[in-house]
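So this block is data-v6.txt, compact mmCIF, C-alpha atoms and all ligand atoms:
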# COMPACT_ATOMS: atom_id res chain seq x y z
CA MET A 1379 72.91 117.50 97.89
CA GLY A 1380 71.20 117.20 101.26
CA ASN A 1381 67.66 118.11 100.19
CA VAL A 1382 64.73 117.49 102.47
CA VAL A 1383 63.90 114.08 101.03
CA THR A 1384 67.36 112.56 101.52
CA MET A 1385 67.61 114.06 105.01
CA HIS A 1386 64.40 112.31 105.95
CA CYS A 1387 65.37 109.05 104.35
CA ARG A 1388 68.73 108.92 106.12
CA GLN A 1389 67.08 107.73 109.32
CA GLY A 1390 65.82 104.59 107.64
CA MET A 1391 68.90 103.94 105.52
CA SER A 1392 70.59 100.57 105.72
CA ASP A 1393 74.37 100.39 106.04
CA GLU A 1394 74.42 99.19 102.43
CA ASP A 1395 72.53 102.32 101.31
CA ARG A 1396 74.95 104.43 103.32
CA LEU A 1397 78.00 102.89 101.67
CA VAL A 1398 76.49 103.57 98.26
CA ALA A 1399 75.83 107.18 99.33
CA VAL A 1400 79.42 107.50 100.59
CA ALA A 1401 80.57 106.57 97.09
CA SER A 1402 78.93 109.75 95.83
CA GLY A 1403 80.62 111.84 98.52
CA ASP A 1404 77.86 111.95 101.18
CA ARG A 1405 79.66 112.90 104.42
CA GLY A 1406 76.49 112.53 106.47
CA ALA A 1407 76.20 108.89 105.45
CA PHE A 1408 79.91 108.49 106.18
CA ARG A 1409 79.43 109.89 109.66
CA ALA A 1410 76.62 107.43 110.35
CA LEU A 1411 78.79 104.51 109.20
CA PHE A 1412 81.70 105.84 111.25
CA GLU A 1413 79.58 106.02 114.38
CA SER A 1414 78.35 102.47 114.08
CA PHE A 1415 81.50 100.77 112.76
CA ALA A 1416 84.62 102.61 113.96
CA PRO A 1417 84.08 101.72 117.66
CA ARG A 1418 83.47 98.07 116.72
CA VAL A 1419 86.48 97.92 114.43
CA LYS A 1420 88.56 99.24 117.32
CA SER A 1421 87.05 96.61 119.57
CA TYR A 1422 87.83 93.85 117.03
CA LEU A 1423 91.44 95.00 116.64
CA MET A 1424 91.94 95.04 120.40
CA ARG A 1425 90.67 91.47 120.52
CA LEU A 1426 93.32 90.56 117.96
CA GLY A 1427 95.92 91.97 120.32
CA ALA A 1428 96.37 95.61 119.23
CA VAL A 1429 96.89 98.06 122.09
CA SER A 1430 94.29 100.83 122.35
CA ALA A 1431 96.29 103.56 120.56
CA ILE A 1432 97.15 101.34 117.59
CA ALA A 1433 93.60 100.01 117.41
CA GLU A 1434 92.29 103.59 117.36
CA ASP A 1435 94.74 104.63 114.64
CA LEU A 1436 93.93 101.57 112.53
CA ALA A 1437 90.18 101.99 113.01
CA GLN A 1438 90.44 105.55 111.69
CA ASP A 1439 92.66 104.34 108.88
CA ALA A 1440 90.12 101.62 107.98
CA MET A 1441 87.33 104.23 107.87
CA VAL A 1442 89.44 106.42 105.57
CA GLN A 1443 89.72 103.41 103.27
CA VAL A 1444 85.96 102.86 103.50
CA TRP A 1445 85.57 106.43 102.24
CA ARG A 1446 88.09 106.01 99.42
CA LYS A 1447 87.03 102.56 98.25
CA ALA A 1448 83.27 103.02 98.58
CA GLY A 1449 83.04 103.36 94.79
CA THR A 1450 84.04 99.70 94.44
CA TYR A 1451 81.36 98.49 96.86
CA ASP A 1452 78.59 96.46 95.25
CA PRO A 1453 75.60 95.85 97.53
CA ALA A 1454 74.55 92.90 95.38
CA ARG A 1455 77.77 91.11 96.27
CA ALA A 1456 78.43 91.74 99.95
CA ARG A 1457 76.85 93.17 103.03
CA ALA A 1458 78.31 96.43 104.31
CA SER A 1459 79.49 94.70 107.51
CA THR A 1460 81.42 92.08 105.52
CA TRP A 1461 82.98 94.67 103.27
CA ILE A 1462 84.05 96.90 106.16
CA PHE A 1463 85.29 93.89 108.14
CA VAL A 1464 87.58 92.83 105.28
CA ILE A 1465 89.02 96.35 105.05
CA ALA A 1466 89.67 96.43 108.81
CA ARG A 1467 91.23 92.96 108.86
CA ASN A 1468 93.55 93.80 105.99
CA ALA A 1469 94.56 97.09 107.62
CA TRP A 1470 95.65 95.02 110.63
CA ILE A 1471 97.53 92.46 108.55
CA ASP A 1472 99.30 95.21 106.60
CA ARG A 1473 100.30 96.98 109.80
CA LEU A 1474 101.59 93.81 111.36
CA ARG A 1475 103.56 93.04 108.25
CA ARG A 1476 105.07 96.50 108.11
CA GLU A 1477 106.08 96.50 111.74
CA ARG A 1478 107.65 93.08 111.46
CA VAL A 1479 109.54 94.19 108.39
CA GLU A 1480 110.89 97.22 110.21
CA LEU A 1481 112.01 95.00 113.06
CA ALA A 1482 113.75 92.78 110.57
CA TYR A 1483 115.61 95.80 109.17
CA GLN A 1484 116.92 96.73 112.56
CA ALA A 1485 118.08 93.22 113.26
CA ALA A 1486 119.76 92.52 109.96
CA SER A 1487 120.46 96.10 108.72
CA ASP A 1488 119.30 94.72 105.42
CA PRO A 1489 120.39 97.02 102.59
CA GLU A 1490 117.69 95.78 100.22
CA PRO A 1491 114.33 96.93 101.51
CA GLU A 1492 112.61 95.87 98.29
CA ALA A 1493 113.50 92.25 98.85
CA MET A 1494 111.97 92.40 102.30
CA GLU A 1495 108.83 94.10 101.08
CA ALA A 1496 108.26 91.76 98.15
CA PRO A 1497 104.60 90.90 98.29
CA ASP A 1498 103.42 87.72 99.82
CA ASP A 1499 100.09 89.08 98.81
CA ALA A 1500 98.25 85.80 98.89
CA VAL A 1501 96.23 87.19 101.75
CA ALA A 1502 95.41 90.43 99.99
CA ARG A 1503 94.56 88.67 96.77
CA ALA A 1504 92.33 86.08 98.35
CA GLN A 1505 90.48 88.93 99.97
CA THR A 1506 89.60 90.78 96.77
CA GLU A 1507 88.22 87.60 95.27
CA ALA A 1508 86.32 86.89 98.46
CA GLN A 1509 84.32 90.09 98.11
CA VAL A 1510 82.44 88.30 95.37
CA ALA A 1511 79.81 86.80 97.60
CA ALA A 1512 78.53 86.93 101.13
CA ALA A 1513 77.22 83.40 101.10
CA LEU A 1514 76.32 83.46 104.75
CA GLY A 1515 73.67 80.79 104.33
CA VAL A 1516 76.44 78.26 103.67
CA LEU A 1517 77.54 78.23 107.30
CA SER A 1518 75.84 76.21 109.99
CA GLU A 1519 74.89 77.80 113.31
CA GLU A 1520 77.74 75.83 114.91
CA GLN A 1521 80.31 77.19 112.50
CA LYS A 1522 79.14 80.72 113.16
CA GLN A 1523 79.33 80.10 116.87
CA VAL A 1524 82.91 78.92 116.58
CA ILE A 1525 83.81 82.14 114.81
CA ARG A 1526 82.10 84.27 117.41
CA LEU A 1527 83.59 82.38 120.32
CA SER A 1528 87.10 82.04 119.06
CA PHE A 1529 87.74 85.40 117.55
CA PHE A 1530 85.15 87.90 118.61
CA GLU A 1531 84.38 87.23 122.24
CA ASP A 1532 86.47 87.54 125.35
CA LYS A 1533 86.13 84.02 126.65
CA PRO A 1534 88.69 82.11 128.67
CA HIS A 1535 90.55 79.65 126.46
CA SER A 1536 89.31 76.70 128.46
CA GLU A 1537 85.73 77.67 127.77
CA ILE A 1538 86.41 78.12 124.08
CA ALA A 1539 88.17 74.77 123.89
CA GLU A 1540 85.11 73.17 125.43
CA THR A 1541 82.83 74.71 122.85
CA LEU A 1542 85.25 73.84 120.06
CA ALA A 1543 84.92 70.17 120.95
CA LEU A 1544 82.09 70.32 118.43
CA PRO A 1545 82.51 67.86 115.57
CA LEU A 1546 83.92 70.43 113.17
CA GLY A 1547 86.35 69.51 110.43
CA THR A 1548 88.94 66.82 110.82
CA VAL A 1549 91.62 68.65 112.75
CA LYS A 1550 92.07 67.56 116.33
CA SER A 1551 91.37 69.80 119.26
CA ARG A 1552 95.11 70.08 119.86
CA LEU A 1553 95.45 71.88 116.57
CA ARG A 1554 92.66 74.20 117.58
CA LEU A 1555 94.60 74.98 120.71
CA ALA A 1556 97.63 75.61 118.54
CA LEU A 1557 95.61 78.16 116.61
CA MET A 1558 94.86 79.91 119.85
CA LYS A 1559 98.54 79.88 120.66
CA LEU A 1560 99.14 81.58 117.34
CA ARG A 1561 96.66 84.21 118.35
CA ALA A 1562 98.64 84.68 121.56
CA HIS A 1563 101.78 85.28 119.46
CA TRP A 1564 100.01 88.19 117.84
CA GLU A 1565 99.10 89.60 121.18
CA GLY A 1566 102.77 90.14 121.92
CA LEU A 1567 103.31 92.24 118.81
CA ALA A 1568 101.29 95.40 119.29
CA MET B 395 93.67 70.97 88.74
CA THR B 396 91.29 71.03 91.68
CA PRO B 397 92.95 70.38 95.05
CA ALA B 398 91.73 67.35 97.01
CA HIS B 399 92.93 68.37 100.50
CA HIS B 400 91.60 71.60 102.02
CA PRO B 401 92.00 73.58 105.27
CA SER B 402 89.38 72.61 107.87
CA ASP B 403 86.61 75.01 108.88
CA ASP B 404 88.41 76.19 112.00
CA ILE B 405 91.58 77.02 110.08
CA LEU B 406 89.67 78.88 107.39
CA ALA B 407 87.63 80.71 110.04
CA ALA B 408 90.82 81.81 111.81
CA TYR B 409 92.28 82.93 108.48
CA ALA B 410 89.12 84.90 107.63
CA ALA B 411 89.06 86.48 111.09
CA GLY B 412 92.66 87.68 110.72
CA ALA B 413 93.67 85.59 113.73
CA LEU B 414 96.39 83.43 112.14
CA ASP B 415 100.07 84.20 112.43
CA PRO B 416 101.01 85.76 109.06
CA GLY B 417 103.37 82.86 108.26
CA PHE B 418 100.57 80.34 108.71
CA GLY B 419 98.22 82.69 106.87
CA LEU B 420 100.61 82.70 103.91
CA VAL B 421 100.40 78.90 103.63
CA VAL B 422 96.59 78.98 103.81
CA GLY B 423 96.59 81.82 101.25
CA ALA B 424 98.76 79.70 98.91
CA HIS B 425 96.07 77.02 98.93
CA ILE B 426 93.25 79.54 98.49
CA GLU B 427 94.94 80.98 95.40
CA MET B 428 94.75 77.56 93.82
CA CYS B 429 91.32 76.53 95.13
CA ALA B 430 88.07 78.09 93.92
CA ALA B 431 86.04 76.02 96.41
CA CYS B 432 87.95 77.49 99.35
CA ARG B 433 87.59 81.01 97.96
CA ARG B 434 83.83 80.47 98.18
CA ARG B 435 84.10 79.01 101.70
CA LEU B 436 86.28 81.96 102.71
CA SER B 437 83.66 84.49 101.63
CA ALA B 438 81.13 82.74 103.85
CA PHE B 439 83.49 82.96 106.82
CA GLU B 440 84.19 86.60 106.05
CA ALA B 441 80.47 87.29 105.99
CA ALA B 442 80.13 85.58 109.38
CA SER B 443 83.04 87.67 110.65
CA GLY B 444 81.29 90.80 109.37
CA GLU B 445 78.15 89.83 111.29
CA ALA B 446 80.21 89.19 114.41
CA LEU B 447 81.93 92.57 113.96
CA ALA B 448 78.59 94.38 113.78
CA ALA B 449 77.53 92.64 117.01
CA LEU B 450 80.68 93.53 119.00
CA PRO B 451 80.42 95.93 121.92
CA ALA B 452 81.68 99.39 120.93
CA ALA B 453 85.10 100.47 122.20
CA ALA B 454 85.47 104.09 123.30
CA LEU B 455 87.04 106.28 120.61
CA ALA B 456 88.99 109.49 121.09
CA ALA B 457 86.61 112.44 121.52
CA ASP B 458 87.77 113.94 118.22
CA ALA B 459 88.08 110.63 116.35
CA PHE B 460 85.65 111.61 113.60
CA ALA B 461 87.29 115.01 113.08
CA GLN B 462 90.71 113.31 112.90
CA THR B 463 89.39 110.86 110.34
CA LEU B 464 87.87 113.65 108.23
CA SER B 465 91.22 115.44 108.22
CA ARG B 466 92.84 112.26 106.87
CA LEU B 467 90.39 111.97 103.98
CA ASP B 468 92.17 114.61 101.95
CA ALA B 469 95.70 113.40 102.62
CA ILE B 470 97.66 112.34 99.56
CA GLN B 471 97.29 108.65 98.86
CA ALA B 472 100.14 106.34 98.10
CA PRO B 473 99.67 104.87 94.62
CA ALA B 474 97.99 101.48 94.67
CA PRO B 475 100.60 98.72 94.54
CA VAL B 476 100.76 96.81 91.27
CA ILE B 477 99.39 93.31 91.75
CA ASP B 478 101.96 90.67 90.90
CA ARG B 479 100.14 87.97 88.92
CA ARG B 480 102.97 85.46 88.76
CA PRO B 481 102.39 82.12 90.49
CA LEU B 482 103.14 82.26 94.22
CA ILE B 483 106.20 80.09 93.84
CA GLU B 484 107.84 82.86 91.78
CA ARG B 485 106.71 85.69 94.04
CA LEU B 486 107.96 84.31 97.35
CA PRO B 487 110.99 86.21 98.64
CA LEU B 488 113.35 83.32 99.37
CA ALA B 489 116.60 83.34 101.34
CA LYS B 490 119.67 81.50 100.02
CA LYS B 491 119.07 77.79 99.41
CA LYS B 492 120.52 75.38 101.90
CA TRP B 493 121.34 72.05 100.30
CA ILE B 494 120.66 69.03 102.47
CA ALA B 495 121.38 66.31 99.90
CA PRO B 496 121.57 66.17 96.10
CA GLY B 497 118.20 67.37 94.84
CA VAL B 498 117.04 68.43 98.31
CA TRP B 499 117.11 72.02 99.55
CA VAL B 500 115.27 74.35 101.91
CA SER B 501 114.98 78.11 101.79
CA ALA B 502 113.48 80.42 104.39
CA VAL B 503 110.67 82.66 103.14
CA MET B 504 111.49 86.24 104.09
CA THR B 505 108.05 87.13 105.34
CA PRO B 506 106.99 88.43 108.74
CA HIS B 507 105.91 85.80 111.24
CA ALA B 508 105.99 85.18 114.96
CA LYS B 509 109.46 84.70 116.40
CA ASP B 510 109.22 81.00 117.23
CA ASN B 511 107.65 80.04 113.92
CA ARG B 512 109.39 79.11 110.72
CA VAL B 513 108.22 79.70 107.16
CA TYR B 514 110.13 77.94 104.38
CA VAL B 515 110.06 76.22 101.03
CA LEU B 516 111.30 72.64 100.78
CA HIS B 517 112.36 71.22 97.41
CA VAL B 518 112.77 67.46 97.11
CA GLY B 519 113.84 65.88 93.82
CA PRO B 520 112.11 62.78 92.47
CA GLY B 521 113.16 59.59 94.22
CA LYS B 522 114.77 61.45 97.15
CA PRO B 523 113.91 60.29 100.65
CA THR B 524 112.82 62.59 103.48
CA ALA B 525 113.36 61.94 107.17
CA ARG B 526 110.62 60.37 109.26
CA HIS B 527 109.65 63.06 111.73
CA THR B 528 107.20 64.37 114.28
CA HIS B 529 106.25 67.99 115.01
CA ALA B 530 106.83 70.21 118.00
CA GLY B 531 103.57 72.07 117.30
CA ALA B 532 101.27 72.91 114.44
CA GLU B 533 102.53 72.66 110.87
CA PHE B 534 100.74 73.90 107.75
CA CYS B 535 101.84 72.87 104.28
CA THR B 536 100.67 73.69 100.76
CA VAL B 537 102.14 71.80 97.82
CA LEU B 538 103.31 74.33 95.22
CA LYS B 539 104.60 71.87 92.60
CA GLY B 540 104.83 68.12 92.14
CA ALA B 541 103.38 65.69 94.66
CA TYR B 542 104.19 63.66 97.76
CA ARG B 543 102.60 60.74 99.51
CA ASP B 544 102.58 59.97 103.22
CA GLU B 545 100.49 58.02 105.71
CA LEU B 546 97.59 60.43 105.09
CA GLY B 547 97.45 60.04 101.31
CA LEU B 548 98.57 61.67 98.07
CA PHE B 549 99.16 65.45 98.13
CA GLN B 550 99.44 67.22 94.78
CA ALA B 551 99.95 70.83 93.68
CA GLY B 552 97.48 73.03 95.55
CA ASP B 553 96.76 70.51 98.31
CA PHE B 554 96.85 71.68 101.90
CA ALA B 555 97.94 69.63 104.91
CA ALA B 556 97.83 70.48 108.61
CA ALA B 557 99.80 68.44 111.11
CA ASP B 558 100.09 68.67 114.87
CA ASP B 559 102.32 67.01 117.45
CA ALA B 560 100.28 63.81 117.20
CA LEU B 561 101.37 63.15 113.61
CA GLU B 562 104.51 61.20 112.77
CA HIS B 563 105.05 60.83 109.07
CA GLN B 564 107.57 60.17 106.33
CA PRO B 565 106.55 61.93 103.13
CA LYS B 566 107.84 60.44 99.86
CA VAL B 567 107.94 62.29 96.54
CA ALA B 568 105.38 60.85 94.12
CA GLY B 569 105.93 60.90 90.35
CA ASP B 570 108.91 62.04 88.25
CA GLU B 571 108.77 65.72 89.13
CA ALA B 572 110.44 67.46 92.08
CA CYS B 573 108.05 68.25 94.92
CA VAL B 574 108.08 71.84 96.20
CA CYS B 575 106.14 72.68 99.35
CA LEU B 576 105.54 75.84 101.38
CA PHE B 577 105.60 75.25 105.12
CA ALA B 578 104.88 77.16 108.29
CA THR B 579 105.81 75.40 111.51
CA GLU B 580 105.68 76.18 115.18
CA GLY B 581 108.99 75.32 116.76
CA ARG B 582 111.31 72.76 115.17
CA LEU B 583 110.60 69.45 113.56
CA LYS B 584 111.82 66.44 115.48
CA ALA B 585 113.51 63.94 113.20
CA LYS B 586 113.56 60.25 114.04
CA GLY B 587 117.08 58.86 113.77
CA ALA B 588 120.54 60.45 113.90
CA LEU B 589 120.89 61.13 110.17
CA GLY B 590 117.56 62.91 110.00
CA ARG B 591 118.46 64.99 113.04
CA LEU B 592 121.72 66.02 111.44
CA ALA B 593 119.99 67.11 108.24
CA PHE B 594 117.33 69.03 110.15
CA ALA B 595 119.89 70.76 112.36
CA TYR B 596 121.88 71.81 109.31
CA ALA B 597 118.83 72.97 107.45
CA ASP B 598 117.31 74.84 110.37
CA VAL B 599 115.54 77.72 108.65
ZN ZN C 1 90.48 74.25 99.09
Show me this structure written as structure tokens.
Ligand SMILES: [Zn+2]
Amino acid sequence: MGNVVTMHCRQGMSDEDRLVAVASGDRGAFRALFESFAPRVKSYLMRLGAVSAIAEDLAQDAMVQVWRKAGTYDPARARASTWIFVIARNAWIDRLRRERVELAYQAASDPEPEAMEAPDDAVARAQTEAQVAAALGVLSEEQKQVIRLSFFEDKPHSEIAETLALPLGTVKSRLRLALMKLRAHWEGLA
Amino acid sequence: MTPAHHPSDDILAAYAAGALDPGFGLVVGAHIEMCAACRRRLSAFEAASGEALAALPAAALAADAFAQTLSRLDAIQAPAPVIDRRPLIERLPLAKKKWIAPGVWVSAVMTPHAKDNRVYVLHVGPGKPTARHTHAGAEFCTVLKGAYRDELGLFQAGDFAAADDALEHQPKVAGDEACVCLFATEGRLKAKGALGRLAFAYADV
């Protein structure tokens, strides 16, 4: 209801508090979340290969979903950044899927759209279960660095490959390079 | 049953970050559905991705981005899709089977993926041989039913395997049940021997 107390508190609110407030329809809290996350979601999507206009559209779309789904957010289970990240990632995967499906229609003039849209929702399903915990402490510093370097920073591939020579997992560095090639495939789509 | 073979950290990190081709992501997702341990690992990688997201430099938004978003809040929502709880093997949209030999067929999975990649299900009856082969690029595999054994060990329902162009192997079905696997591959497999090549060319999915 925007009384004096909540107005004062808003300055010191965490993102988690804001998400909880959004669930009860607080547009001020939503604006604050929008201002800190929407530009970063756009940035993330552009790193995945989306062109600026699509990244902008999807970032707005992700924030609309943040608004609508805020009631399902549980601060005991996930940080706000994790929860918003998962929404943004899935918005991208859904878009990619839809666009590829449309391309397939044009190519094959398939008369059975339902067959093409049948859910391979493994990704979506894994995601809902993954909201259970933000067990960040499980990851080593090296693992976190790999994530940052490979997917969230604009580094030349050679530099990433060098850093990825860390003793991580059992897959050879060639496979890691293959993963980067996969990422390059995506870049051609948007 | 708890799977014994899991995706490595880098694969799971790429999956969590949304950076895998959707075809490859589907194969990783098939394992995750059957593996509680990897669901827990995935949430850790998602949390790390969330941290990385919050630390990204901000991209410039349209001047009226917030106003545009507000105007979308009241738009009519599409109803939430009903979640299909059947096992993945029954949910996959499969193209017509191509028979390679008695008891052996492949079927393309009609799911979006990058143009040069292939996503398919391979069914091999008990006692049927497969061709010794190498790979043109990365290959992900999750066993959906039955089991196979190759140079790397025994792979049973739920197990995940990643191969690259350094691996040459000849999987053999283990046990009395047919083995059904979901694959995503980059490029084509390269069979060793004329017969294998013929089968692969015919079955090109
Ligand atoms: Zn696993």
What are the residues of chain B that have an atom within 7 Å of an atom of chain A, counting all atoms listed in the file, as a ChimeraX atom specification? /B:402-403,407,411-415,420,423-424,426-427,433-434,436-438,440-448,450-455,463,466-467,485-487,504,506,508,532,558
If the limit is 7 Å from any atom of ligand ZN 1 (chain C), counting all atoms listed in the file, which residues qualify? Return them as a ChimeraX atom specification. /B:397,399-401,425-426,429-432
Pick from A:Gly1406, A:Gly1449, A:Ala1428, A:Ala1401: nearest to Leu464 of chain B, with all atoms listed in the file counted?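 Residue with the minimum atom-to-atom distance to Leu464 of chain B: A:Gly1406.
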